[in-house]
$ cat structure-v3.cif   # mmCIF, C-alpha atoms
data_run
#
loop_
_atom_site.label_atom_id
_atom_site.label_comp_id
_atom_site.auth_asym_id
_atom_site.auth_seq_id
_atom_site.Cartn_x
_atom_site.Cartn_y
_atom_site.Cartn_z
CA MET A 1 264.28 49.10 -84.50
CA PHE A 2 266.62 49.18 -87.50
CA PHE A 3 265.86 46.80 -90.36
CA PRO A 4 269.08 46.36 -92.36
CA ILE A 5 267.56 44.81 -95.51
CA SER A 6 265.36 47.80 -96.36
CA GLY A 7 267.44 50.32 -94.37
CA ALA A 8 264.30 51.49 -92.54
CA ASP A 9 263.95 52.45 -88.90
CA ILE A 10 260.44 51.47 -87.74
CA SER A 11 258.89 50.86 -84.33
CA PRO A 12 258.17 47.11 -83.89
CA ILE A 13 255.09 48.02 -81.82
CA TYR A 14 253.67 50.00 -84.77
CA LEU A 15 254.29 47.02 -87.06
CA ALA A 16 252.71 44.54 -84.65
CA VAL A 17 249.64 46.76 -84.15
CA VAL A 18 249.17 47.23 -87.91
CA GLY A 19 249.58 43.47 -88.34
CA PHE A 20 247.02 42.82 -85.60
CA LEU A 21 244.37 45.05 -87.22
CA ILE A 22 244.94 43.61 -90.68
CA GLY A 23 244.92 40.12 -89.17
CA ILE A 24 241.41 40.65 -87.80
CA LEU A 25 240.18 41.90 -91.21
CA GLY A 26 241.89 39.03 -93.03
CA GLY A 27 240.59 36.33 -90.72
CA PHE A 28 237.04 37.69 -90.88
CA PHE A 29 236.75 38.61 -94.57
CA GLY A 30 239.32 36.36 -96.24
CA VAL A 31 241.29 39.26 -97.68
CA GLY A 32 245.01 40.01 -97.56
CA GLY A 33 244.44 43.60 -96.42
CA SER A 34 247.11 45.02 -98.71
CA PHE A 35 245.05 48.17 -99.34
CA ILE A 36 245.72 49.07 -95.70
CA ALA A 37 249.08 47.37 -95.10
CA GLY A 38 250.75 48.95 -98.15
CA PRO A 39 249.92 52.55 -97.16
CA ALA A 40 250.67 51.78 -93.47
CA LEU A 41 254.18 50.57 -94.36
CA ARG A 42 254.64 53.54 -96.64
CA LEU A 43 253.64 55.87 -93.80
CA ALA A 44 256.30 54.23 -91.62
CA GLY A 45 258.90 55.32 -94.17
CA LEU A 46 259.34 52.18 -96.25
CA ASP A 47 259.95 52.58 -100.00
CA TRP A 48 256.97 51.65 -102.15
CA ASN A 49 258.65 48.58 -103.72
CA PHE A 50 259.54 47.23 -100.25
CA ALA A 51 256.03 48.01 -98.97
CA VAL A 52 254.46 45.87 -101.72
CA GLY A 53 256.89 42.92 -101.47
CA THR A 54 257.07 42.87 -97.67
CA ASP A 55 253.28 43.07 -97.39
CA LEU A 56 252.96 39.98 -99.60
CA ALA A 57 255.34 38.04 -97.33
CA HIS A 58 253.32 39.08 -94.26
CA ILE A 59 250.10 38.04 -96.05
CA VAL A 60 251.51 34.51 -96.48
CA GLY A 61 252.06 34.14 -92.72
CA LYS A 62 248.74 35.68 -91.74
CA SER A 63 246.84 33.51 -94.22
CA VAL A 64 248.48 30.34 -92.85
CA VAL A 65 247.19 31.15 -89.36
CA ALA A 66 243.69 32.20 -90.50
CA ALA A 67 243.33 29.30 -92.97
CA LYS A 68 244.37 26.79 -90.28
CA ARG A 69 241.73 28.19 -87.98
CA HIS A 70 239.10 28.19 -90.76
CA ARG A 71 240.04 24.59 -91.64
CA ALA A 72 239.40 23.59 -88.03
CA LEU A 73 235.96 25.22 -88.39
CA GLY A 74 235.30 23.28 -91.63
CA ASN A 75 235.50 26.38 -93.82
CA VAL A 76 238.16 25.33 -96.34
CA ASP A 77 237.51 23.55 -99.65
CA LEU A 78 241.00 22.27 -100.51
CA ARG A 79 240.09 21.07 -104.02
CA LEU A 80 238.61 24.44 -104.93
CA GLY A 81 241.56 26.29 -103.39
CA LEU A 82 244.15 24.32 -105.36
CA ILE A 83 242.32 24.81 -108.67
CA MET A 84 241.93 28.51 -107.97
CA ALA A 85 245.63 28.92 -107.16
CA VAL A 86 246.49 27.85 -110.75
CA GLY A 87 244.14 30.44 -112.26
CA THR A 88 245.28 33.16 -109.86
CA ILE A 89 248.97 32.74 -110.67
CA GLY A 90 248.20 32.80 -114.42
CA GLY A 91 246.09 35.94 -114.01
CA ALA A 92 248.70 37.66 -111.85
CA GLU A 93 251.34 37.14 -114.55
CA VAL A 94 249.06 38.63 -117.24
CA GLY A 95 248.22 41.55 -114.92
CA ALA A 96 251.92 42.20 -114.30
CA GLN A 97 252.55 42.15 -118.07
CA ALA A 98 249.71 44.66 -118.58
CA ILE A 99 251.40 46.95 -116.05
CA GLN A 100 254.69 46.70 -117.96
CA MET A 101 252.87 47.61 -121.21
CA LEU A 102 251.22 50.61 -119.56
CA LYS A 103 254.58 51.63 -118.10
CA ARG A 104 256.04 51.70 -121.60
CA ALA A 105 253.05 53.72 -122.83
CA GLY A 106 253.71 56.15 -119.95
CA ASN A 107 250.21 56.31 -118.41
CA VAL A 108 250.32 53.52 -115.87
CA ASN A 109 249.40 55.54 -112.78
CA PHE A 110 246.33 57.18 -114.33
CA VAL A 111 244.91 53.98 -115.86
CA VAL A 112 245.51 51.85 -112.75
CA SER A 113 243.98 54.52 -110.51
CA ILE A 114 240.82 54.89 -112.61
CA VAL A 115 240.36 51.12 -113.02
CA SER A 116 240.81 50.52 -109.29
CA ILE A 117 238.33 53.27 -108.31
CA VAL A 118 235.69 51.88 -110.69
CA VAL A 119 236.26 48.31 -109.48
CA TYR A 120 236.21 49.19 -105.76
CA LEU A 121 233.06 51.32 -106.05
CA SER A 122 231.28 48.68 -108.16
CA ILE A 123 232.02 45.90 -105.66
CA SER A 124 230.86 47.97 -102.69
CA THR A 125 227.66 49.14 -104.41
CA PHE A 126 226.76 45.67 -105.61
CA MET A 127 227.46 43.97 -102.26
CA LEU A 128 225.51 46.64 -100.39
CA TRP A 129 222.50 46.11 -102.65
CA GLU A 130 222.69 42.31 -102.58
CA SER A 131 223.33 41.77 -98.87
CA ARG A 132 220.62 44.25 -97.81
CA LYS A 133 218.11 42.67 -100.18
CA THR A 134 219.02 39.20 -98.90
CA LEU A 135 218.75 40.27 -95.26
CA LEU A 136 215.38 41.92 -95.86
CA SER A 137 213.99 38.85 -97.66
CA ALA A 138 215.39 36.58 -94.91
CA LYS A 139 213.50 38.66 -92.35
CA GLY A 140 210.33 37.99 -94.32
CA ARG A 141 211.00 34.26 -94.45
CA SER A 142 211.64 33.79 -90.75
CA GLN A 143 212.46 35.74 -87.66
CA GLY A 144 216.09 35.45 -88.73
CA ASN A 145 217.93 33.64 -85.97
CA VAL A 146 221.44 34.79 -86.89
CA THR A 147 223.31 32.28 -84.74
CA LYS A 148 221.37 29.38 -86.25
CA ALA A 149 222.00 30.67 -89.77
CA ALA A 150 225.67 31.16 -89.06
CA LYS A 151 225.93 27.66 -87.61
CA SER A 152 224.32 26.02 -90.61
CA LYS A 153 226.45 28.05 -93.06
CA LYS A 154 223.60 27.76 -95.56
CA ASP A 155 223.73 30.89 -97.62
CA HIS A 156 220.88 32.82 -99.21
CA SER A 157 221.62 35.45 -101.79
CA ALA A 158 219.47 37.85 -103.75
CA PHE A 159 221.82 37.07 -106.64
CA GLY A 160 221.05 33.33 -106.30
CA PRO A 161 219.14 32.86 -109.61
CA VAL A 162 222.09 34.22 -111.62
CA THR A 163 224.51 32.00 -109.66
CA ARG A 164 222.38 28.93 -110.34
CA ALA A 165 222.25 29.80 -114.07
CA ILE A 166 226.05 29.96 -114.08
CA GLN A 167 226.24 26.59 -112.33
CA ARG A 168 223.94 25.10 -115.01
CA LEU A 169 226.40 26.00 -117.81
CA LYS A 170 227.67 22.66 -119.10
CA ILE A 171 231.15 23.47 -120.35
CA TRP A 172 233.28 20.30 -120.11
CA PRO A 173 235.00 19.30 -117.84
CA MET A 174 232.48 19.50 -115.03
CA ILE A 175 233.69 18.90 -111.46
CA SER A 176 231.93 18.52 -108.14
CA LEU A 177 232.79 20.38 -104.94
CA PRO A 178 231.15 18.34 -102.18
CA VAL A 179 232.70 20.40 -99.37
CA SER A 180 231.11 23.56 -100.81
CA GLY A 181 227.86 21.72 -101.55
CA ILE A 182 228.14 22.09 -105.34
CA ARG A 183 227.18 19.01 -107.33
CA ALA A 184 228.64 20.08 -110.67
CA ILE A 185 230.32 23.20 -112.02
CA SER A 186 232.49 23.86 -115.03
CA LEU A 187 236.22 23.82 -114.25
CA TRP A 188 236.56 26.76 -116.64
CA MET A 189 234.25 28.93 -114.52
CA ILE A 190 236.45 28.35 -111.45
CA LEU A 191 239.60 29.07 -113.44
CA LEU A 192 238.00 32.19 -114.92
CA VAL A 193 237.06 33.58 -111.50
CA ALA A 194 240.57 32.84 -110.20
CA PHE A 195 242.17 34.29 -113.33
CA VAL A 196 240.22 37.56 -113.02
CA GLY A 197 241.19 37.78 -109.32
CA GLY A 198 244.82 37.16 -110.24
CA LEU A 199 244.63 39.68 -113.07
CA PHE A 200 243.53 42.40 -110.65
CA SER A 201 246.16 41.25 -108.16
CA GLY A 202 248.90 41.67 -110.77
CA PHE A 203 247.37 44.89 -112.10
CA LEU A 204 246.42 46.67 -108.88
CA GLY A 205 248.79 44.97 -106.44
CA GLY A 206 248.02 42.98 -103.28
CA GLY A 207 246.11 39.74 -103.08
CA ALA A 208 242.83 41.02 -104.64
CA GLY A 209 240.75 39.13 -102.07
CA TYR A 210 238.22 42.01 -102.31
CA ILE A 211 237.40 40.72 -105.80
CA ARG A 212 237.92 36.97 -105.37
CA MET A 213 235.88 36.46 -102.21
CA PRO A 214 232.70 38.13 -103.61
CA SER A 215 233.22 36.38 -106.98
CA MET A 216 233.35 33.00 -105.26
CA VAL A 217 230.05 33.75 -103.53
CA TYR A 218 228.15 35.34 -106.42
CA VAL A 219 229.58 33.59 -109.49
CA LEU A 220 230.48 30.12 -108.19
CA GLY A 221 227.82 29.95 -105.46
CA ILE A 222 230.24 29.06 -102.64
CA PRO A 223 228.76 29.72 -99.15
CA THR A 224 230.30 32.88 -97.63
CA HIS A 225 232.07 31.09 -94.75
CA LEU A 226 233.68 28.63 -97.14
CA ALA A 227 234.57 31.42 -99.59
CA VAL A 228 236.43 33.25 -96.79
CA GLY A 229 238.33 30.14 -95.63
CA THR A 230 239.10 28.84 -99.13
CA ASP A 231 240.22 32.27 -100.30
CA LEU A 232 242.71 32.39 -97.42
CA PHE A 233 244.05 28.95 -98.32
CA GLU A 234 244.38 30.02 -101.95
CA ILE A 235 246.14 33.24 -100.89
CA ILE A 236 248.87 31.17 -99.14
CA ILE A 237 249.86 29.69 -102.52
CA SER A 238 249.49 32.78 -104.70
CA ALA A 239 251.07 35.17 -102.15
CA SER A 240 254.02 32.76 -101.70
CA TYR A 241 254.55 32.91 -105.44
CA GLY A 242 254.33 36.73 -105.31
CA THR A 243 256.73 36.87 -102.34
CA PHE A 244 259.31 34.76 -104.19
CA SER A 245 258.95 36.89 -107.30
CA HIS A 246 259.41 40.14 -105.32
CA ALA A 247 262.21 38.72 -103.13
CA ILE A 248 264.44 37.90 -106.11
CA LYS A 249 263.90 41.48 -107.29
CA GLY A 250 265.09 42.75 -103.87
CA ASN A 251 261.68 44.03 -102.72
CA VAL A 252 261.15 41.96 -99.54
CA ASP A 253 262.35 42.80 -96.03
CA ILE A 254 261.44 39.56 -94.32
CA LEU A 255 262.36 40.90 -90.87
CA ILE A 256 259.63 43.55 -91.12
CA ALA A 257 257.17 40.90 -92.33
CA LEU A 258 258.07 38.64 -89.38
CA VAL A 259 257.51 41.45 -86.86
CA MET A 260 254.20 42.46 -88.46
CA HIS A 261 253.12 38.88 -88.43
CA THR A 262 253.48 38.54 -84.64
CA GLY A 263 250.46 40.87 -84.35
CA ALA A 264 248.67 39.39 -87.35
CA ALA A 265 248.86 35.84 -85.96
CA ILE A 266 246.60 36.67 -83.04
CA GLY A 267 244.40 39.08 -85.03
CA ALA A 268 243.77 36.47 -87.73
CA GLN A 269 242.60 33.95 -85.14
CA ILE A 270 240.18 36.46 -83.62
CA GLY A 271 238.83 37.32 -87.09
CA ALA A 272 238.43 33.68 -88.10
CA ILE A 273 236.66 32.70 -84.87
CA SER A 274 234.35 35.74 -85.18
CA THR A 275 232.88 34.45 -88.49
CA GLN A 276 231.06 31.75 -86.48
CA TYR A 277 228.79 34.37 -84.95
CA PHE A 278 227.64 35.98 -88.21
CA ALA A 279 225.47 34.73 -91.06
CA GLY A 280 226.79 34.99 -94.64
CA PRO A 281 224.81 38.09 -95.73
CA ARG A 282 225.94 39.96 -92.58
CA ILE A 283 229.58 39.16 -93.35
CA ARG A 284 229.01 40.42 -96.90
CA LEU A 285 227.33 43.60 -95.64
CA ALA A 286 230.23 44.26 -93.24
CA PHE A 287 232.61 43.76 -96.20
CA VAL A 288 231.14 46.81 -98.04
CA PRO A 289 233.39 49.53 -96.48
CA LEU A 290 236.61 47.67 -97.31
CA PRO A 291 236.76 48.39 -101.06
CA LEU A 292 235.59 51.96 -100.26
CA ILE A 293 238.70 52.45 -98.10
CA GLY A 294 240.78 51.25 -101.05
CA ALA A 295 238.99 53.70 -103.38
CA ALA A 296 239.47 56.58 -100.90
CA ILE A 297 243.22 55.87 -100.72
CA VAL A 298 243.53 55.89 -104.52
CA ILE A 299 241.48 59.09 -104.86
CA TYR A 300 243.67 60.73 -102.20
CA THR A 301 246.85 59.78 -104.05
CA MET A 302 245.39 61.11 -107.32
CA ILE A 303 244.36 64.45 -105.81
CA SER A 304 247.41 65.03 -103.66
CA GLY A 305 249.92 63.63 -106.12
CA HIS A 306 251.52 61.69 -103.26
CA LYS A 307 251.99 58.00 -103.04
CA LEU A 308 250.96 57.14 -99.53
CA MET B 1 225.63 35.64 -70.40
CA LYS B 2 227.38 38.74 -69.02
CA LYS B 3 229.43 36.54 -66.71
CA GLU B 4 230.50 34.43 -69.68
CA THR B 5 231.49 37.50 -71.70
CA ALA B 6 233.52 38.85 -68.79
CA LYS B 7 235.25 35.47 -68.48
CA THR B 8 236.12 35.46 -72.19
CA VAL B 9 237.44 39.05 -72.08
CA ARG B 10 239.55 38.26 -68.98
CA ALA B 11 240.94 35.12 -70.62
CA PHE B 12 241.74 37.07 -73.76
CA ALA B 13 243.49 39.85 -71.78
CA ILE B 14 245.66 37.28 -69.94
CA GLU B 15 246.44 35.59 -73.24
CA LEU B 16 247.43 38.92 -74.79
CA VAL B 17 249.84 39.74 -71.92
CA ILE B 18 251.54 36.31 -72.07
CA TYR B 19 251.67 36.54 -75.85
CA ALA B 20 253.22 40.06 -75.69
CA VAL B 21 255.97 38.84 -73.31
CA LEU B 22 256.74 35.90 -75.63
CA VAL B 23 256.80 38.16 -78.70
CA VAL B 24 259.15 40.72 -77.11
CA THR B 25 261.54 37.91 -76.11
CA TYR B 26 261.26 36.60 -79.66
CA PHE B 27 262.12 40.06 -81.13
CA PHE B 28 265.34 40.28 -79.13
CA LEU B 29 266.48 36.69 -79.30
CA VAL B 30 265.63 35.59 -82.82
CA LEU B 31 265.23 38.66 -85.02
CA HIS B 32 268.25 40.46 -83.56
CA LEU B 33 270.47 37.45 -84.16
CA LEU B 34 269.04 36.73 -87.63
CA GLY B 35 269.15 40.34 -88.88
CA GLN B 36 272.72 40.65 -90.13
CA TRP B 37 272.83 37.11 -91.48
CA LEU B 38 269.64 37.60 -93.51
CA TYR B 39 270.94 40.94 -94.77
CA GLN B 40 274.14 39.30 -96.06
CA LEU B 41 272.11 36.52 -97.64
CA GLU B 42 269.81 39.03 -99.37
CA VAL B 43 272.81 40.83 -100.85
CA GLN B 44 274.80 37.76 -101.92
CA HIS B 45 272.30 34.93 -102.62
CA ARG B 46 268.96 36.40 -103.65
CA TYR B 47 267.32 33.09 -104.65
CA VAL B 48 268.29 31.35 -101.40
CA TYR B 49 267.01 34.40 -99.51
CA ALA B 50 263.67 34.27 -101.41
CA VAL B 51 263.10 30.60 -100.53
CA LEU B 52 264.21 31.13 -96.93
CA ALA B 53 261.93 34.17 -96.56
CA ILE B 54 258.88 32.05 -97.44
CA LEU B 55 259.99 29.21 -95.17
CA LEU B 56 260.60 31.62 -92.28
CA ILE B 57 257.20 33.30 -92.50
CA ILE B 58 255.36 29.97 -92.85
CA GLY B 59 257.41 28.48 -90.01
CA GLN B 60 256.64 31.44 -87.77
CA ALA B 61 252.95 31.23 -88.69
CA VAL B 62 252.74 27.56 -87.72
CA LEU B 63 254.67 28.20 -84.50
CA LEU B 64 252.59 31.23 -83.43
CA GLU B 65 249.35 29.46 -84.30
CA SER B 66 250.37 26.60 -82.03
CA VAL B 67 251.39 29.03 -79.25
CA THR B 68 248.11 30.98 -79.39
CA THR B 69 246.02 27.80 -79.57
CA PHE B 70 247.92 26.39 -76.58
CA LEU B 71 247.43 29.63 -74.63
CA ILE B 72 243.71 29.71 -75.42
CA ARG B 73 243.30 26.10 -74.23
CA LEU B 74 245.39 26.66 -71.12
CA ILE B 75 243.66 29.87 -70.00
CA ARG B 76 240.10 28.84 -70.94
CA GLY B 77 240.66 25.44 -69.32
CA ARG B 78 241.76 27.03 -66.07
CA SER B 79 239.01 29.65 -65.97
CA GLU B 80 236.28 27.00 -66.35
#

$ encode --input "structure-v3.cif" --output "structure tokens"
Amino acid sequence: MFFPISGADISPIYLAVVGFLIGILGGFFGVGGSFIAGPALRLAGLDWNFAVGTDLAHIVGKSVVAAKRHRALGNVDLRLGLIMAVGTIGGAEVGAQAIQMLKRAGNVNFVVSIVSIVVYLSISTFMLWESRKTLLSAKGRSQGNVTKAAKSKKDHSAFGPVTRAIQRLKIWPMISLPVSGIRAISLWMILLVAFVGGLFSGFLGGGAGYIRMPSMVYVLGIPTHLAVGTDLFEIIISASYGTFSHAIKGNVDILIALVMHTGAAIGAQIGAISTQYFAGPRIRLAFVPLPLIGAAIVIYTMISGHKL
Amino acid sequence: MKKETAKTVRAFAIELVIYAVLVVTYFFLVLHLLGQWLYQLEVQHRYVYAVLAILLIIGQAVLLESVTTFLIRLIRGRSE
């Protein structure tokens, strides 16, 4: 099928299948999946600028479907999502400016590659350690009925004491998040988490859900199911902003995004429904390979000198 | 339990086939007709195109979510 906006000739079945796979990941983990979608579009012959912009547009659609499904399951904290969207957009702008500065200095590819590898590996290592420790301690506490734990959405974390210390920080204004079960937390902490996520989104590209979702769990103390659903809701707003920004620069082929999304719509529903059957620490443990895939892609591009 | 799983898989397979037929029809009817018009818009009115792009993807998301939810209800309802 010929797509006149980008001038690319890509099989719609390929696009729908890629969308379907990324939809499952997005619905289950609350991530945009840009670390897979970007290279997949590039492999299909799309220019890198179109791959980034078009992927963002497809993320908007996929997140609408997954967030709607998560909302029906009671997994979306709207107040938290709206506050986070403000911080994310601010962070994304600063991240984009940092990229421009590095471009002028002439070492953007090297710096971005090294930073992303360090970040991806750190997230995976930390989540592997934490989720395994939590699962092992949960086994000690009870016989670990997973379905019951998943139903209650109560989350245990080996990082819990640090999270509670963060929640005790009294930096005015304090707000409550009843949906997430948090009595009081500093607004600045939420904005900081969102800002850092946005910063990485602007700096490394994509939605940076691989940073924001774990940060919501470990720093803010949001239960994993709610972190996944709320992150998806937040991504709708921030990815829409990113899509608009890329579209006016001529980087979005909306026809490709629409075709990809036909697969993602059904994948995202499957992913979202699947979260019901897993407890929080198991979702976090399953999340571990995702940043590793991102790191592997970056290492490959550094070694081969190709941009996938 | 196994019977239930088989029922779910069968319902999902039927849903996927119906969904695939709908999507292929959608490709040819909507995207084919919209293609040239969107291309012209992207070249001549970038800001209008940017807003429309977001509206289109959100609109499609809401529509497809409704279609898949309807299909799930229809097929599961009948198989029970």

$ atom_distance --input "structure-v3.cif" --atom1 "atom CA of Val62 of chain B" --atom2 "atom CA of Ala67 of chain A"
10.9 Å

$ atom_distance --input "structure-v3.cif" --atom1 "atom CA of Ala72 of chain A" --atom2 "atom CA of Met213 of chain A"
19.5 Å

$ closest_atom_pairs --input "structure-v3.cif" --of "chain A" --to "chain B" --cutoff "7 Å" --atoms "only C-alpha atoms" --output "JSON lines"
{"residue": "A:Pro4", "atom": "CA", "partner": "B:Tyr39", "partner_atom": "CA", "distance": 6.2}
{"residue": "A:Ile5", "atom": "CA", "partner": "B:Tyr39", "partner_atom": "CA", "distance": 5.2}
{"residue": "A:Ala57", "atom": "CA", "partner": "B:Ile54", "partner_atom": "CA", "distance": 7.0}
{"residue": "A:Val60", "atom": "CA", "partner": "B:Ile58", "partner_atom": "CA", "distance": 7.0}
{"residue": "A:Gly61", "atom": "CA", "partner": "B:Ala61", "partner_atom": "CA", "distance": 5.0}
{"residue": "A:Lys62", "atom": "CA", "partner": "B:Ala61", "partner_atom": "CA", "distance": 6.8}
{"residue": "A:Val64", "atom": "CA", "partner": "B:Ala61", "partner_atom": "CA", "distance": 6.2}
{"residue": "A:Val65", "atom": "CA", "partner": "B:Glu65", "partner_atom": "CA", "distance": 5.8}
{"residue": "A:Ser240", "atom": "CA", "partner": "B:Ile54", "partner_atom": "CA", "distance": 6.5}
{"residue": "A:Phe244", "atom": "CA", "partner": "B:Ala50", "partner_atom": "CA", "distance": 5.2}
{"residue": "A:Ala247", "atom": "CA", "partner": "B:Ala50", "partner_atom": "CA", "distance": 5.0}
{"residue": "A:Ile248", "atom": "CA", "partner": "B:Arg46", "partner_atom": "CA", "distance": 5.4}
{"residue": "A:Ile254", "atom": "CA", "partner": "B:Ala53", "partner_atom": "CA", "distance": 5.9}
{"residue": "A:Leu255", "atom": "CA", "partner": "B:Leu31", "partner_atom": "CA", "distance": 6.9}
{"residue": "A:Leu258", "atom": "CA", "partner": "B:Ile57", "partner_atom": "CA", "distance": 6.2}
{"residue": "A:Thr262", "atom": "CA", "partner": "B:Val23", "partner_atom": "CA", "distance": 6.8}
{"residue": "A:Ala265", "atom": "CA", "partner": "B:Leu64", "partner_atom": "CA", "distance": 6.4}
{"residue": "A:Ile266", "atom": "CA", "partner": "B:Thr68", "partner_atom": "CA", "distance": 6.9}

$ closest_atom_pairs --input "structure-v3.cif" --of "segment 252-308 of chain A" --to "segment 34-43 of chain A" --cutoff "10 Å" --atoms "all atoms listed in the file" --output "Markdown table"
| residue | atom | partner | partner_atom | distance |
| --- | --- | --- | --- | --- |
| A:Ile256 | CA | A:Leu41 | CA | 9.5 |
| A:Met260 | CA | A:Ala37 | CA | 9.7 |
| A:Leu290 | CA | A:Phe35 | CA | 8.7 |
| A:Pro291 | CA | A:Phe35 | CA | 8.5 |
| A:Ile293 | CA | A:Phe35 | CA | 7.8 |
| A:Gly294 | CA | A:Phe35 | CA | 5.5 |
| A:Ala295 | CA | A:Phe35 | CA | 9.1 |
| A:Ile297 | CA | A:Phe35 | CA | 8.0 |
| A:Val298 | CA | A:Phe35 | CA | 9.4 |
| A:Lys307 | CA | A:Arg42 | CA | 8.2 |
| A:Leu308 | CA | A:Pro39 | CA | 5.3 |

$ closest_residue --input "structure-v3.cif" --among "A:Leu80, A:Ile171, A:Ala264, A:Ala138" --to "Leu220 of chain A" --atoms "only C-alpha atoms"
A:Leu80

$ residues_around --input "structure-v3.cif" --residues "Phe110 of chain A" --least-positions-apart "4" --cutoff "12 Å" --atoms "all atoms listed in the file" --output "mmCIF file with C-alpha atoms, in the frame of the given file"
data_model
loop_
_atom_site.group_PDB
_atom_site.id
_atom_site.type_symbol
_atom_site.label_atom_id
_atom_site.label_comp_id
_atom_site.auth_asym_id
_atom_site.auth_seq_id
_atom_site.Cartn_x
_atom_site.Cartn_y
_atom_site.Cartn_z
ATOM 1 C CA ILE A 99 251.400 46.950 -116.050
ATOM 2 C CA LEU A 102 251.220 50.610 -119.560
ATOM 3 C CA LYS A 103 254.580 51.630 -118.100
ATOM 4 C CA ALA A 105 253.050 53.720 -122.830
ATOM 5 C CA GLY A 106 253.710 56.150 -119.950
ATOM 6 C CA ILE A 114 240.820 54.890 -112.610
ATOM 7 C CA VAL A 115 240.360 51.120 -113.020
ATOM 8 C CA SER A 116 240.810 50.520 -109.290
ATOM 9 C CA ILE A 117 238.330 53.270 -108.310
ATOM 10 C CA LEU A 204 246.420 46.670 -108.880
ATOM 11 C CA VAL A 298 243.530 55.890 -104.520
ATOM 12 C CA ILE A 299 241.480 59.090 -104.860
ATOM 13 C CA THR A 301 246.850 59.780 -104.050
ATOM 14 C CA MET A 302 245.390 61.110 -107.320
ATOM 15 C CA ILE A 303 244.360 64.450 -105.810
ATOM 16 C CA GLY A 305 249.920 63.630 -106.120
#

$ resolve_selection --input "structure-v3.cif" --expression "the PyMOL selection byres ((chain A and resi 275) around 12)" --output "MDAnalysis selection string"
chainID A and resid 24:30 66 69:70 73:75 146:147 149:151 153 224:229 268:274 276:284 286

$ residues_around --input "structure-v3.cif" --residues "Ile89 of chain A" --least-positions-apart "2" --cutoff "9 Å" --atoms "all atoms listed in the file" --output "MDAnalysis selection string"
chainID A and resid 84:87 91:94 194:195 198:199 202 237:238 241:242

$ atom_distance --input "structure-v3.cif" --atom1 "atom CA of Ser11 of chain A" --atom2 "atom CA of Lys249 of chain A"
25.3 Å

$ resolve_selection --input "structure-v3.cif" --expression "the PyMOL selection byres ((chain A and resi 218) around 10)" --output "mmCIF file with C-alpha atoms, keeping the file's coordinate frame"
data_model
loop_
_atom_site.group_PDB
_atom_site.id
_atom_site.type_symbol
_atom_site.label_atom_id
_atom_site.label_comp_id
_atom_site.auth_asym_id
_atom_site.auth_seq_id
_atom_site.Cartn_x
_atom_site.Cartn_y
_atom_site.Cartn_z
ATOM 1 C CA MET A 127 227.460 43.970 -102.260
ATOM 2 C CA GLU A 130 222.690 42.310 -102.580
ATOM 3 C CA SER A 157 221.620 35.450 -101.790
ATOM 4 C CA ALA A 158 219.470 37.850 -103.750
ATOM 5 C CA PHE A 159 221.820 37.070 -106.640
ATOM 6 C CA GLY A 160 221.050 33.330 -106.300
ATOM 7 C CA PRO A 161 219.140 32.860 -109.610
ATOM 8 C CA VAL A 162 222.090 34.220 -111.620
ATOM 9 C CA THR A 163 224.510 32.000 -109.660
ATOM 10 C CA ARG A 164 222.380 28.930 -110.340
ATOM 11 C CA ILE A 166 226.050 29.960 -114.080
ATOM 12 C CA ARG A 212 237.920 36.970 -105.370
ATOM 13 C CA MET A 213 235.880 36.460 -102.210
ATOM 14 C CA PRO A 214 232.700 38.130 -103.610
ATOM 15 C CA SER A 215 233.220 36.380 -106.980
ATOM 16 C CA MET A 216 233.350 33.000 -105.260
ATOM 17 C CA VAL A 217 230.050 33.750 -103.530
ATOM 18 C CA VAL A 219 229.580 33.590 -109.490
ATOM 19 C CA LEU A 220 230.480 30.120 -108.190
ATOM 20 C CA GLY A 221 227.820 29.950 -105.460
ATOM 21 C CA ILE A 222 230.240 29.060 -102.640
ATOM 22 C CA PRO A 223 228.760 29.720 -99.150
ATOM 23 C CA THR A 224 230.300 32.880 -97.630
#

$ closest_residue --input "structure-v3.cif" --among "A:Val288, A:Ile236, A:Ile83, A:Ile175" --to "Val193 of chain A" --atoms "all atoms listed in the file"
A:Ile83

$ resolve_selection --input "structure-v3.cif" --expression "the PyMOL selection byres ((chain A and resi 50-52) around 6)" --output "list of chain:residue names"
A:Gly38, A:Leu41, A:Leu46, A:Asp47, A:Trp48, A:Asn49, A:Gly53, A:Thr54, A:Asp55, A:Asn251, A:Val252

$ write_last_selection --input "structure-v3.cif" --atoms "C-alpha atoms" --output "JSON list (two decimals), keeping the file's coordinate frame"
[["chain", "number", "residue", "atom", "x", "y", "z"],
["A", 38, "GLY", "CA", 250.75, 48.95, -98.15],
["A", 41, "LEU", "CA", 254.18, 50.57, -94.36],
["A", 46, "LEU", "CA", 259.34, 52.18, -96.25],
["A", 47, "ASP", "CA", 259.95, 52.58, -100.00],
["A", 48, "TRP", "CA", 256.97, 51.65, -102.15],
["A", 49, "ASN", "CA", 258.65, 48.58, -103.72],
["A", 53, "GLY", "CA", 256.89, 42.92, -101.47],
["A", 54, "THR", "CA", 257.07, 42.87, -97.67],
["A", 55, "ASP", "CA", 253.28, 43.07, -97.39],
["A", 251, "ASN", "CA", 261.68, 44.03, -102.72],
["A", 252, "VAL", "CA", 261.15, 41.96, -99.54]]

$ closest_residue --input "structure-v3.cif" --among "A:Ala44, A:Ser186, A:Ser304, A:Gly33" --to "Leu56 of chain A" --atoms "all atoms listed in the file"
A:Gly33
